[in-house]
>>> print(open('target08.cif').read())   # mmCIF, N, CA and C atoms
data_run
loop_
_atom_site.label_atom_id
_atom_site.label_comp_id
_atom_site.auth_asym_id
_atom_site.auth_seq_id
_atom_site.Cartn_x
_atom_site.Cartn_y
_atom_site.Cartn_z
N MET A 764 -27.71 -31.40 24.44
CA MET A 764 -28.89 -30.56 24.32
C MET A 764 -29.36 -30.46 22.88
N THR A 765 -28.59 -30.96 21.92
CA THR A 765 -29.01 -30.85 20.52
C THR A 765 -30.25 -31.67 20.22
N ASN A 766 -30.48 -32.74 20.95
CA ASN A 766 -31.65 -33.58 20.74
C ASN A 766 -32.77 -33.26 21.72
N ALA A 767 -32.63 -32.20 22.47
CA ALA A 767 -33.62 -31.85 23.49
C ALA A 767 -34.89 -31.30 22.86
N LYS A 768 -35.99 -31.47 23.56
CA LYS A 768 -37.26 -30.91 23.12
C LYS A 768 -37.26 -29.42 23.47
N SER A 769 -37.67 -28.58 22.51
CA SER A 769 -37.65 -27.15 22.77
C SER A 769 -38.78 -26.76 23.72
N SER A 770 -38.62 -25.61 24.35
CA SER A 770 -39.59 -25.09 25.30
C SER A 770 -40.22 -23.82 24.73
N ALA A 771 -41.53 -23.63 24.96
CA ALA A 771 -42.22 -22.45 24.44
C ALA A 771 -41.91 -21.20 25.23
N THR A 772 -41.57 -21.34 26.51
CA THR A 772 -41.26 -20.21 27.37
C THR A 772 -39.95 -20.46 28.10
N PRO A 773 -39.20 -19.41 28.43
CA PRO A 773 -37.93 -19.62 29.12
C PRO A 773 -38.05 -19.77 30.63
N PHE A 774 -39.24 -19.55 31.18
CA PHE A 774 -39.39 -19.50 32.63
C PHE A 774 -40.59 -20.32 33.06
N HIS A 775 -40.42 -21.12 34.09
CA HIS A 775 -41.53 -21.89 34.64
C HIS A 775 -41.84 -21.32 36.01
N THR A 776 -43.11 -21.04 36.28
CA THR A 776 -43.46 -20.31 37.49
C THR A 776 -43.41 -21.15 38.76
N SER A 777 -43.64 -22.44 38.69
CA SER A 777 -43.60 -23.23 39.91
C SER A 777 -42.16 -23.57 40.27
N THR A 778 -41.90 -23.64 41.56
CA THR A 778 -40.55 -23.96 42.02
C THR A 778 -40.59 -25.18 42.91
N ASP A 779 -39.50 -25.92 42.95
CA ASP A 779 -39.38 -27.09 43.80
C ASP A 779 -38.57 -26.68 45.03
N ALA A 780 -39.27 -26.36 46.11
CA ALA A 780 -38.59 -25.84 47.31
C ALA A 780 -37.74 -26.91 48.00
N ALA A 781 -38.05 -28.19 47.78
CA ALA A 781 -37.34 -29.27 48.47
C ALA A 781 -36.23 -29.85 47.60
N SER A 782 -35.63 -29.05 46.75
CA SER A 782 -34.60 -29.52 45.84
C SER A 782 -33.26 -29.67 46.57
N ALA A 783 -32.48 -30.63 46.11
CA ALA A 783 -31.15 -30.85 46.67
C ALA A 783 -30.15 -29.91 46.00
N ALA A 784 -28.99 -29.78 46.62
CA ALA A 784 -27.95 -28.90 46.08
C ALA A 784 -27.39 -29.48 44.79
N PHE A 785 -27.09 -28.61 43.83
CA PHE A 785 -26.47 -29.02 42.58
C PHE A 785 -24.97 -29.05 42.80
N GLU A 786 -24.35 -30.17 42.55
CA GLU A 786 -22.95 -30.37 42.93
C GLU A 786 -21.94 -29.72 42.00
N ASP A 787 -22.22 -29.61 40.71
CA ASP A 787 -21.25 -29.10 39.75
C ASP A 787 -21.40 -27.58 39.61
N HIS A 788 -20.82 -26.84 40.55
CA HIS A 788 -20.92 -25.38 40.55
C HIS A 788 -20.27 -24.76 39.32
N VAL A 789 -19.18 -25.35 38.85
CA VAL A 789 -18.46 -24.80 37.69
C VAL A 789 -19.34 -24.89 36.44
N LEU A 790 -20.02 -26.01 36.25
CA LEU A 790 -20.91 -26.16 35.11
C LEU A 790 -22.04 -25.15 35.17
N TYR A 791 -22.63 -24.98 36.33
CA TYR A 791 -23.72 -24.02 36.49
C TYR A 791 -23.25 -22.60 36.18
N ARG A 792 -22.14 -22.21 36.76
CA ARG A 792 -21.64 -20.84 36.59
C ARG A 792 -21.21 -20.57 35.15
N SER A 793 -20.57 -21.52 34.51
CA SER A 793 -20.12 -21.29 33.14
C SER A 793 -21.31 -21.24 32.18
N THR A 794 -22.33 -22.05 32.43
CA THR A 794 -23.52 -22.03 31.57
C THR A 794 -24.28 -20.73 31.74
N VAL A 795 -24.46 -20.28 32.97
CA VAL A 795 -25.18 -19.02 33.21
C VAL A 795 -24.36 -17.85 32.69
N GLY A 796 -23.05 -17.91 32.80
CA GLY A 796 -22.20 -16.86 32.24
C GLY A 796 -22.34 -16.77 30.73
N ALA A 797 -22.42 -17.91 30.06
CA ALA A 797 -22.64 -17.90 28.61
C ALA A 797 -24.01 -17.34 28.27
N LEU A 798 -25.01 -17.63 29.10
CA LEU A 798 -26.34 -17.08 28.88
C LEU A 798 -26.36 -15.56 29.04
N GLN A 799 -25.49 -15.04 29.92
CA GLN A 799 -25.40 -13.59 30.07
C GLN A 799 -24.97 -12.94 28.76
N TYR A 800 -24.05 -13.56 28.05
CA TYR A 800 -23.65 -13.03 26.75
C TYR A 800 -24.79 -13.11 25.74
N ALA A 801 -25.61 -14.14 25.84
CA ALA A 801 -26.73 -14.29 24.91
C ALA A 801 -27.76 -13.18 25.09
N THR A 802 -27.84 -12.59 26.29
CA THR A 802 -28.82 -11.53 26.51
C THR A 802 -28.50 -10.25 25.74
N ILE A 803 -27.29 -10.14 25.20
CA ILE A 803 -26.93 -8.95 24.42
C ILE A 803 -27.83 -8.84 23.20
N THR A 804 -28.11 -9.96 22.56
CA THR A 804 -28.98 -9.94 21.38
C THR A 804 -30.34 -10.57 21.64
N ARG A 805 -30.56 -11.10 22.82
CA ARG A 805 -31.82 -11.74 23.14
C ARG A 805 -32.39 -11.17 24.45
N PRO A 806 -32.97 -9.96 24.41
CA PRO A 806 -33.52 -9.37 25.64
C PRO A 806 -34.69 -10.14 26.22
N ASP A 807 -35.28 -11.07 25.45
CA ASP A 807 -36.40 -11.85 25.96
C ASP A 807 -35.99 -12.81 27.07
N ILE A 808 -34.71 -13.09 27.20
CA ILE A 808 -34.26 -13.99 28.27
C ILE A 808 -33.57 -13.25 29.40
N ALA A 809 -33.53 -11.93 29.35
CA ALA A 809 -32.79 -11.15 30.35
C ALA A 809 -33.31 -11.39 31.76
N PHE A 810 -34.62 -11.44 31.94
CA PHE A 810 -35.19 -11.61 33.28
C PHE A 810 -34.82 -12.97 33.86
N VAL A 811 -35.00 -14.03 33.09
CA VAL A 811 -34.74 -15.37 33.63
C VAL A 811 -33.26 -15.61 33.84
N VAL A 812 -32.42 -15.02 33.01
CA VAL A 812 -30.96 -15.14 33.23
C VAL A 812 -30.57 -14.39 34.49
N ASN A 813 -31.21 -13.24 34.74
CA ASN A 813 -30.98 -12.49 35.97
C ASN A 813 -31.34 -13.36 37.18
N LYS A 814 -32.46 -14.05 37.11
CA LYS A 814 -32.86 -14.94 38.21
C LYS A 814 -31.85 -16.07 38.40
N ALA A 815 -31.35 -16.61 37.31
CA ALA A 815 -30.35 -17.68 37.40
C ALA A 815 -29.05 -17.17 38.01
N CYS A 816 -28.69 -15.93 37.69
CA CYS A 816 -27.46 -15.33 38.25
C CYS A 816 -27.55 -15.16 39.76
N GLN A 817 -28.74 -14.98 40.28
CA GLN A 817 -28.92 -14.81 41.71
C GLN A 817 -28.65 -16.09 42.49
N LYS A 818 -28.57 -17.21 41.80
CA LYS A 818 -28.34 -18.50 42.45
C LYS A 818 -26.92 -19.02 42.24
N MET A 819 -26.02 -18.18 41.77
CA MET A 819 -24.67 -18.61 41.43
C MET A 819 -23.90 -19.21 42.61
N GLN A 820 -24.10 -18.67 43.79
CA GLN A 820 -23.31 -19.11 44.95
C GLN A 820 -23.68 -20.53 45.39
N HIS A 821 -24.98 -20.80 45.49
CA HIS A 821 -25.44 -22.11 45.96
C HIS A 821 -26.61 -22.59 45.10
N PRO A 822 -26.33 -23.09 43.90
CA PRO A 822 -27.43 -23.55 43.04
C PRO A 822 -28.00 -24.88 43.53
N PHE A 823 -29.28 -25.04 43.30
CA PHE A 823 -29.97 -26.29 43.60
C PHE A 823 -30.29 -26.99 42.29
N ILE A 824 -30.71 -28.23 42.37
CA ILE A 824 -31.06 -28.99 41.17
C ILE A 824 -32.21 -28.30 40.43
N ALA A 825 -33.14 -27.71 41.16
CA ALA A 825 -34.25 -26.98 40.53
C ALA A 825 -33.73 -25.77 39.74
N ASP A 826 -32.67 -25.14 40.22
CA ASP A 826 -32.07 -24.02 39.51
C ASP A 826 -31.41 -24.49 38.21
N TRP A 827 -30.74 -25.64 38.27
CA TRP A 827 -30.12 -26.21 37.07
C TRP A 827 -31.20 -26.61 36.06
N THR A 828 -32.31 -27.12 36.54
CA THR A 828 -33.43 -27.46 35.65
C THR A 828 -33.97 -26.20 34.97
N ALA A 829 -34.02 -25.09 35.71
CA ALA A 829 -34.46 -23.82 35.13
C ALA A 829 -33.49 -23.34 34.05
N VAL A 830 -32.18 -23.50 34.28
CA VAL A 830 -31.18 -23.11 33.30
C VAL A 830 -31.32 -23.97 32.04
N LYS A 831 -31.55 -25.26 32.22
CA LYS A 831 -31.74 -26.13 31.06
C LYS A 831 -32.99 -25.75 30.28
N ARG A 832 -34.02 -25.25 30.98
CA ARG A 832 -35.23 -24.79 30.30
C ARG A 832 -34.93 -23.56 29.43
N ILE A 833 -34.08 -22.66 29.93
CA ILE A 833 -33.68 -21.51 29.13
C ILE A 833 -32.96 -21.97 27.86
N LEU A 834 -32.07 -22.94 28.01
CA LEU A 834 -31.34 -23.47 26.86
C LEU A 834 -32.30 -24.12 25.85
N ARG A 835 -33.30 -24.85 26.35
CA ARG A 835 -34.29 -25.46 25.46
C ARG A 835 -35.13 -24.39 24.76
N TYR A 836 -35.42 -23.29 25.46
CA TYR A 836 -36.14 -22.18 24.84
C TYR A 836 -35.31 -21.57 23.72
N LEU A 837 -34.02 -21.37 23.97
CA LEU A 837 -33.15 -20.82 22.93
C LEU A 837 -33.05 -21.75 21.73
N LEU A 838 -33.05 -23.06 21.98
CA LEU A 838 -33.00 -24.04 20.91
C LEU A 838 -34.22 -23.90 19.99
N GLY A 839 -35.39 -23.64 20.57
CA GLY A 839 -36.60 -23.52 19.78
C GLY A 839 -36.81 -22.16 19.15
N THR A 840 -36.02 -21.17 19.54
CA THR A 840 -36.21 -19.81 19.04
C THR A 840 -34.91 -19.26 18.45
N LEU A 841 -34.18 -20.08 17.73
CA LEU A 841 -32.91 -19.65 17.15
C LEU A 841 -33.07 -18.52 16.14
N SER A 842 -34.23 -18.41 15.53
CA SER A 842 -34.43 -17.36 14.53
C SER A 842 -34.80 -16.02 15.16
N TYR A 843 -35.01 -15.98 16.49
CA TYR A 843 -35.34 -14.72 17.16
C TYR A 843 -34.08 -13.89 17.35
N GLY A 844 -34.26 -12.60 17.53
CA GLY A 844 -33.13 -11.72 17.79
C GLY A 844 -33.50 -10.28 17.51
N LEU A 845 -32.59 -9.40 17.71
CA LEU A 845 -32.83 -7.98 17.46
C LEU A 845 -32.71 -7.68 15.97
N GLN A 846 -33.62 -6.85 15.49
CA GLN A 846 -33.56 -6.39 14.11
C GLN A 846 -33.48 -4.87 14.13
N PHE A 847 -32.58 -4.33 13.34
CA PHE A 847 -32.43 -2.88 13.26
C PHE A 847 -32.93 -2.42 11.90
N LYS A 848 -33.78 -1.40 11.93
CA LYS A 848 -34.37 -0.86 10.71
C LYS A 848 -33.91 0.59 10.53
N ARG A 849 -33.97 1.04 9.29
CA ARG A 849 -33.63 2.44 9.01
C ARG A 849 -34.68 3.33 9.67
N ALA A 850 -34.23 4.28 10.43
CA ALA A 850 -35.13 5.15 11.18
C ALA A 850 -35.54 6.34 10.34
N THR A 851 -36.85 6.60 10.29
CA THR A 851 -37.33 7.80 9.62
C THR A 851 -37.36 8.98 10.59
N SER A 852 -37.48 8.68 11.87
CA SER A 852 -37.41 9.74 12.89
C SER A 852 -36.54 9.24 14.03
N LEU A 853 -35.97 10.15 14.76
CA LEU A 853 -35.11 9.79 15.88
C LEU A 853 -35.80 10.10 17.21
N GLN A 854 -37.06 9.71 17.29
CA GLN A 854 -37.82 9.93 18.52
C GLN A 854 -37.35 8.92 19.58
N LEU A 855 -37.07 9.42 20.77
CA LEU A 855 -36.64 8.58 21.88
C LEU A 855 -37.85 8.18 22.70
N GLN A 856 -38.05 6.87 22.90
CA GLN A 856 -39.17 6.36 23.69
C GLN A 856 -38.59 5.45 24.77
N VAL A 857 -39.12 5.61 25.99
CA VAL A 857 -38.66 4.80 27.11
C VAL A 857 -39.87 4.15 27.75
N TYR A 858 -39.78 2.84 27.98
CA TYR A 858 -40.83 2.09 28.66
C TYR A 858 -40.23 1.48 29.92
N SER A 859 -40.99 1.54 31.01
CA SER A 859 -40.50 0.94 32.25
C SER A 859 -41.66 0.25 32.96
N ASP A 860 -41.31 -0.72 33.79
CA ASP A 860 -42.30 -1.44 34.57
C ASP A 860 -41.60 -2.03 35.79
N ALA A 861 -42.39 -2.40 36.79
CA ALA A 861 -41.84 -3.01 37.99
C ALA A 861 -42.87 -3.95 38.58
N ASP A 862 -42.38 -5.00 39.22
CA ASP A 862 -43.27 -5.80 40.03
C ASP A 862 -43.12 -5.33 41.47
N TRP A 863 -44.05 -5.67 42.30
CA TRP A 863 -43.98 -5.23 43.69
C TRP A 863 -43.66 -6.42 44.57
N ALA A 864 -42.52 -6.36 45.23
CA ALA A 864 -42.07 -7.41 46.15
C ALA A 864 -42.10 -8.77 45.48
N GLY A 865 -41.58 -8.83 44.27
CA GLY A 865 -41.62 -10.06 43.49
C GLY A 865 -40.73 -11.17 44.01
N ASP A 866 -39.65 -10.85 44.68
CA ASP A 866 -38.76 -11.86 45.23
C ASP A 866 -39.22 -12.18 46.65
N ILE A 867 -39.65 -13.40 46.88
CA ILE A 867 -40.21 -13.75 48.19
C ILE A 867 -39.15 -13.88 49.27
N THR A 868 -37.87 -13.97 48.88
CA THR A 868 -36.83 -14.11 49.90
C THR A 868 -36.47 -12.78 50.54
N ASP A 869 -36.41 -11.70 49.76
CA ASP A 869 -36.04 -10.41 50.35
C ASP A 869 -37.08 -9.31 50.10
N ARG A 870 -38.17 -9.63 49.42
CA ARG A 870 -39.31 -8.73 49.16
C ARG A 870 -38.94 -7.49 48.36
N ARG A 871 -37.81 -7.54 47.66
CA ARG A 871 -37.44 -6.40 46.80
C ARG A 871 -38.11 -6.54 45.44
N SER A 872 -38.40 -5.42 44.84
CA SER A 872 -39.06 -5.39 43.54
C SER A 872 -38.02 -5.47 42.42
N THR A 873 -38.48 -5.89 41.24
CA THR A 873 -37.64 -5.93 40.06
C THR A 873 -38.13 -4.89 39.07
N SER A 874 -37.21 -4.06 38.59
CA SER A 874 -37.53 -3.03 37.60
C SER A 874 -37.04 -3.48 36.24
N GLY A 875 -37.76 -3.07 35.21
CA GLY A 875 -37.35 -3.35 33.85
C GLY A 875 -37.56 -2.13 33.00
N LEU A 876 -36.72 -1.96 31.97
CA LEU A 876 -36.87 -0.82 31.08
C LEU A 876 -36.42 -1.19 29.69
N ALA A 877 -36.97 -0.49 28.72
CA ALA A 877 -36.56 -0.62 27.32
C ALA A 877 -36.52 0.78 26.71
N ILE A 878 -35.43 1.09 26.04
CA ILE A 878 -35.25 2.41 25.43
C ILE A 878 -35.13 2.23 23.92
N PHE A 879 -35.97 2.95 23.18
CA PHE A 879 -36.00 2.87 21.72
C PHE A 879 -35.58 4.21 21.13
N LEU A 880 -34.78 4.16 20.08
CA LEU A 880 -34.46 5.33 19.27
C LEU A 880 -35.08 5.05 17.90
N GLY A 881 -36.18 5.72 17.62
CA GLY A 881 -36.96 5.39 16.44
C GLY A 881 -37.58 4.01 16.66
N PRO A 882 -37.50 3.11 15.67
CA PRO A 882 -38.06 1.77 15.85
C PRO A 882 -37.08 0.77 16.46
N ASN A 883 -35.87 1.19 16.78
CA ASN A 883 -34.81 0.28 17.22
C ASN A 883 -34.56 0.37 18.71
N ILE A 884 -34.47 -0.79 19.36
CA ILE A 884 -34.14 -0.82 20.78
C ILE A 884 -32.64 -0.58 20.92
N ILE A 885 -32.28 0.33 21.81
CA ILE A 885 -30.86 0.64 21.99
C ILE A 885 -30.37 0.29 23.40
N SER A 886 -31.30 0.10 24.34
CA SER A 886 -30.90 -0.27 25.69
C SER A 886 -32.06 -0.93 26.39
N TRP A 887 -31.75 -1.90 27.24
CA TRP A 887 -32.77 -2.54 28.06
C TRP A 887 -32.11 -3.04 29.33
N CYS A 888 -32.91 -3.24 30.34
CA CYS A 888 -32.36 -3.62 31.63
C CYS A 888 -33.44 -4.27 32.48
N SER A 889 -33.05 -5.21 33.28
CA SER A 889 -33.91 -5.81 34.30
C SER A 889 -33.05 -6.01 35.53
N ARG A 890 -33.42 -5.37 36.64
CA ARG A 890 -32.60 -5.50 37.85
C ARG A 890 -33.46 -5.31 39.09
N LYS A 891 -32.95 -5.84 40.18
CA LYS A 891 -33.63 -5.67 41.47
C LYS A 891 -33.47 -4.23 41.93
N GLN A 892 -34.51 -3.71 42.57
CA GLN A 892 -34.41 -2.38 43.15
C GLN A 892 -33.56 -2.45 44.41
N LYS A 893 -32.91 -1.36 44.75
CA LYS A 893 -31.97 -1.35 45.87
C LYS A 893 -32.65 -1.40 47.23
N THR A 894 -33.90 -0.93 47.30
CA THR A 894 -34.61 -0.90 48.58
C THR A 894 -35.95 -1.62 48.44
N VAL A 895 -36.55 -1.92 49.56
CA VAL A 895 -37.86 -2.55 49.59
C VAL A 895 -38.93 -1.46 49.50
N SER A 896 -39.83 -1.59 48.53
CA SER A 896 -40.91 -0.61 48.36
C SER A 896 -42.10 -1.00 49.23
N ARG A 897 -42.77 0.00 49.78
CA ARG A 897 -43.93 -0.26 50.63
C ARG A 897 -45.22 -0.43 49.85
N SER A 898 -45.22 -0.03 48.57
CA SER A 898 -46.43 -0.16 47.76
C SER A 898 -46.04 -0.37 46.30
N SER A 899 -47.01 -0.81 45.51
CA SER A 899 -46.74 -1.00 44.09
C SER A 899 -46.48 0.34 43.41
N THR A 900 -47.12 1.39 43.90
CA THR A 900 -46.89 2.72 43.34
C THR A 900 -45.45 3.17 43.57
N GLU A 901 -44.94 2.92 44.76
CA GLU A 901 -43.55 3.27 45.05
C GLU A 901 -42.58 2.48 44.17
N ALA A 902 -42.87 1.20 43.96
CA ALA A 902 -42.03 0.38 43.09
C ALA A 902 -42.04 0.91 41.66
N GLU A 903 -43.22 1.34 41.18
CA GLU A 903 -43.32 1.89 39.83
C GLU A 903 -42.57 3.21 39.72
N TYR A 904 -42.65 4.07 40.74
CA TYR A 904 -41.90 5.33 40.71
C TYR A 904 -40.40 5.08 40.70
N ARG A 905 -39.94 4.11 41.46
CA ARG A 905 -38.51 3.78 41.46
C ARG A 905 -38.08 3.29 40.07
N ALA A 906 -38.93 2.50 39.43
CA ALA A 906 -38.63 2.03 38.07
C ALA A 906 -38.57 3.21 37.10
N LEU A 907 -39.46 4.16 37.28
CA LEU A 907 -39.48 5.36 36.43
C LEU A 907 -38.22 6.19 36.62
N VAL A 908 -37.76 6.30 37.85
CA VAL A 908 -36.52 7.05 38.13
C VAL A 908 -35.34 6.35 37.50
N ASP A 909 -35.27 5.02 37.62
CA ASP A 909 -34.18 4.26 36.98
C ASP A 909 -34.19 4.44 35.47
N ALA A 910 -35.38 4.38 34.87
CA ALA A 910 -35.49 4.53 33.41
C ALA A 910 -35.07 5.94 32.98
N THR A 911 -35.45 6.94 33.76
CA THR A 911 -35.09 8.32 33.42
C THR A 911 -33.59 8.52 33.53
N SER A 912 -32.97 7.96 34.54
CA SER A 912 -31.52 8.13 34.70
C SER A 912 -30.75 7.40 33.61
N ASP A 913 -31.27 6.27 33.13
CA ASP A 913 -30.60 5.56 32.03
C ASP A 913 -30.77 6.33 30.74
#
>>> encode(input="target08.cif", output="structure tokens")
Amino acid sequence: MTNAKSSATPFHTSTDAASAAFEDHVLYRSTVGALQYATITRPDIAFVVNKACQKMQHPFIADWTAVKRILRYLLGTLSYGLQFKRATSLQLQVYSDADWAGDITDRRSTSGLAIFLGPNIISWCSRKQKTVSRSSTEAEYRALVDATSD
């Protein structure tokens, strides 16, 4: 991957539904596991790594291609990361968002949140909601509840 062309984004929206099974499960799982550690300092890849983790049991070649795209994105953005600055105030700010029925397989929504203490991010999360929401408003309220509890 050292000679690979970098990618501008970590996620490609089109999927190859007719993809064959990826045979090397150990390689897929170990690579995605390493990417999970990278999300500690790189919250910009948290969503796509979460999507890759959902395919751990039975990855397809299209899933492996998506993981390689994340690696190419990281290659092109090595200078990115979290920066911590001296805080002049300790104001707590929380941002949350959700998509509505974003996963076409089970129609569950994905919630995301970011918590800042002053100018510094101290916590972030992206996860599937536990239940299926009937509307986008319900999905947003569930995201708000998750953010408040965190």
>>> residues_near_point(input="target08.cif", point="(-35.4, -1.6, 15.2)", cutoff="8 Å", atoms="only N, CA and C atoms", output="PyMOL selection string")
chain A and resi 845-850+879-885
>>> select_by_dssp(input="target08.cif", residues="chain A", states="helix (DSSP H, G or I)", output="MDAnalysis selection string")
chainID A and resid 788:801 806:816 824:839 899:912
>>> resolve_selection(input="target08.cif", expression="the PyMOL selection byres ((chain A and resi 872) around 8)", output="PDB file with N, CA and C atoms, in the coordinates of the input")
ATOM      1  N   ALA A 861     -42.390  -2.400  36.790  1.00  0.00           N
ATOM      2  CA  ALA A 861     -41.840  -3.010  37.990  1.00  0.00           C
ATOM      3  C   ALA A 861     -42.870  -3.950  38.580  1.00  0.00           C
ATOM      4  N   ASP A 862     -42.380  -5.000  39.220  1.00  0.00           N
ATOM      5  CA  ASP A 862     -43.270  -5.800  40.030  1.00  0.00           C
ATOM      6  C   ASP A 862     -43.120  -5.330  41.470  1.00  0.00           C
ATOM      7  N   TRP A 863     -44.050  -5.670  42.300  1.00  0.00           N
ATOM      8  CA  TRP A 863     -43.980  -5.230  43.690  1.00  0.00           C
ATOM      9  C   TRP A 863     -43.660  -6.420  44.570  1.00  0.00           C
ATOM     10  N   ALA A 864     -42.520  -6.360  45.230  1.00  0.00           N
ATOM     11  CA  ALA A 864     -42.070  -7.410  46.150  1.00  0.00           C
ATOM     12  C   ALA A 864     -42.100  -8.770  45.480  1.00  0.00           C
ATOM     13  N   GLY A 865     -41.580  -8.830  44.270  1.00  0.00           N
ATOM     14  CA  GLY A 865     -41.620 -10.060  43.490  1.00  0.00           C
ATOM     15  C   GLY A 865     -40.730 -11.170  44.010  1.00  0.00           C
ATOM     16  N   ASP A 866     -39.650 -10.850  44.680  1.00  0.00           N
ATOM     17  CA  ASP A 866     -38.760 -11.860  45.230  1.00  0.00           C
ATOM     18  C   ASP A 866     -39.220 -12.180  46.650  1.00  0.00           C
ATOM     19  N   ASP A 869     -36.410 -11.700  49.760  1.00  0.00           N
ATOM     20  CA  ASP A 869     -36.040 -10.410  50.350  1.00  0.00           C
ATOM     21  C   ASP A 869     -37.080  -9.310  50.100  1.00  0.00           C
ATOM     22  N   ARG A 870     -38.170  -9.630  49.420  1.00  0.00           N
ATOM     23  CA  ARG A 870     -39.310  -8.730  49.160  1.00  0.00           C
ATOM     24  C   ARG A 870     -38.940  -7.490  48.360  1.00  0.00           C
ATOM     25  N   ARG A 871     -37.810  -7.540  47.660  1.00  0.00           N
ATOM     26  CA  ARG A 871     -37.440  -6.400  46.800  1.00  0.00           C
ATOM     27  C   ARG A 871     -38.110  -6.540  45.440  1.00  0.00           C
ATOM     28  N   THR A 873     -38.480  -5.890  41.240  1.00  0.00           N
ATOM     29  CA  THR A 873     -37.640  -5.930  40.060  1.00  0.00           C
ATOM     30  C   THR A 873     -38.130  -4.890  39.070  1.00  0.00           C
ATOM     31  N   SER A 874     -37.210  -4.060  38.590  1.00  0.00           N
ATOM     32  CA  SER A 874     -37.530  -3.030  37.600  1.00  0.00           C
ATOM     33  C   SER A 874     -37.040  -3.480  36.240  1.00  0.00           C
ATOM     34  N   GLY A 875     -37.760  -3.070  35.210  1.00  0.00           N
ATOM     35  CA  GLY A 875     -37.350  -3.350  33.850  1.00  0.00           C
ATOM     36  C   GLY A 875     -37.560  -2.130  33.000  1.00  0.00           C
ATOM     37  N   ARG A 890     -33.420  -5.370  36.640  1.00  0.00           N
ATOM     38  CA  ARG A 890     -32.600  -5.500  37.850  1.00  0.00           C
ATOM     39  C   ARG A 890     -33.460  -5.310  39.090  1.00  0.00           C
ATOM     40  N   LYS A 891     -32.950  -5.840  40.180  1.00  0.00           N
ATOM     41  CA  LYS A 891     -33.630  -5.670  41.470  1.00  0.00           C
ATOM     42  C   LYS A 891     -33.470  -4.230  41.930  1.00  0.00           C
ATOM     43  N   GLN A 892     -34.510  -3.710  42.570  1.00  0.00           N
ATOM     44  CA  GLN A 892     -34.410  -2.380  43.150  1.00  0.00           C
ATOM     45  C   GLN A 892     -33.560  -2.450  44.410  1.00  0.00           C
ATOM     46  N   LYS A 893     -32.910  -1.360  44.750  1.00  0.00           N
ATOM     47  CA  LYS A 893     -31.970  -1.350  45.870  1.00  0.00           C
ATOM     48  C   LYS A 893     -32.650  -1.400  47.230  1.00  0.00           C
ATOM     49  N   THR A 894     -33.900  -0.930  47.300  1.00  0.00           N
ATOM     50  CA  THR A 894     -34.610  -0.900  48.580  1.00  0.00           C
ATOM     51  C   THR A 894     -35.950  -1.620  48.440  1.00  0.00           C
ATOM     52  N   VAL A 895     -36.550  -1.920  49.560  1.00  0.00           N
ATOM     53  CA  VAL A 895     -37.860  -2.550  49.590  1.00  0.00           C
ATOM     54  C   VAL A 895     -38.930  -1.460  49.500  1.00  0.00           C
ATOM     55  N   SER A 896     -39.830  -1.590  48.530  1.00  0.00           N
ATOM     56  CA  SER A 896     -40.910  -0.610  48.360  1.00  0.00           C
ATOM     57  C   SER A 896     -42.100  -1.000  49.230  1.00  0.00           C
ATOM     58  N   ALA A 902     -42.870   1.200  43.960  1.00  0.00           N
ATOM     59  CA  ALA A 902     -42.030   0.380  43.090  1.00  0.00           C
ATOM     60  C   ALA A 902     -42.040   0.910  41.660  1.00  0.00           C
TER      61      ALA A 902
END
>>> atom_distance(input="target08.cif", atom1="atom CA of Cys888 of chain A", atom2="atom C of Thr851 of chain A")
25.0 Å
>>> residues_around(input="target08.cif", residues="Ser859 of chain A", least_positions_apart="3", cutoff="7 Å", atoms="only C-alpha atoms", output="ChimeraX atom specification")
/A:875-877,906-907,910
>>> decode(input="target08.cif", residues="segment 783-802 of chain A", atoms="C-alpha atoms", output="PDB file, in the first residue's frame")
ATOM      1  CA  ALA A 783     -18.051 -12.570  -4.565  1.00  0.00           C
ATOM      2  CA  ALA A 784     -17.064 -13.597  -1.048  1.00  0.00           C
ATOM      3  CA  PHE A 785     -13.656 -12.447   0.202  1.00  0.00           C
ATOM      4  CA  GLU A 786     -11.737 -15.573   1.138  1.00  0.00           C
ATOM      5  CA  ASP A 787      -9.119 -14.234   3.581  1.00  0.00           C
ATOM      6  CA  HIS A 788     -11.288 -13.498   6.633  1.00  0.00           C
ATOM      7  CA  VAL A 789      -8.255 -13.142   8.923  1.00  0.00           C
ATOM      8  CA  LEU A 790      -6.739 -10.413   6.751  1.00  0.00           C
ATOM      9  CA  TYR A 791     -10.038  -8.535   6.618  1.00  0.00           C
ATOM     10  CA  ARG A 792     -10.642  -8.756  10.364  1.00  0.00           C
ATOM     11  CA  SER A 793      -7.106  -7.801  11.362  1.00  0.00           C
ATOM     12  CA  THR A 794      -7.081  -4.822   8.990  1.00  0.00           C
ATOM     13  CA  VAL A 795     -10.459  -3.549  10.192  1.00  0.00           C
ATOM     14  CA  GLY A 796      -9.372  -4.101  13.797  1.00  0.00           C
ATOM     15  CA  ALA A 797      -6.299  -1.943  13.195  1.00  0.00           C
ATOM     16  CA  LEU A 798      -8.539   0.711  11.641  1.00  0.00           C
ATOM     17  CA  GLN A 799     -10.634   0.697  14.818  1.00  0.00           C
ATOM     18  CA  TYR A 800      -7.550   1.810  16.740  1.00  0.00           C
ATOM     19  CA  ALA A 801      -6.943   4.547  14.170  1.00  0.00           C
ATOM     20  CA  THR A 802     -10.370   6.037  14.932  1.00  0.00           C
TER      21      THR A 802
END
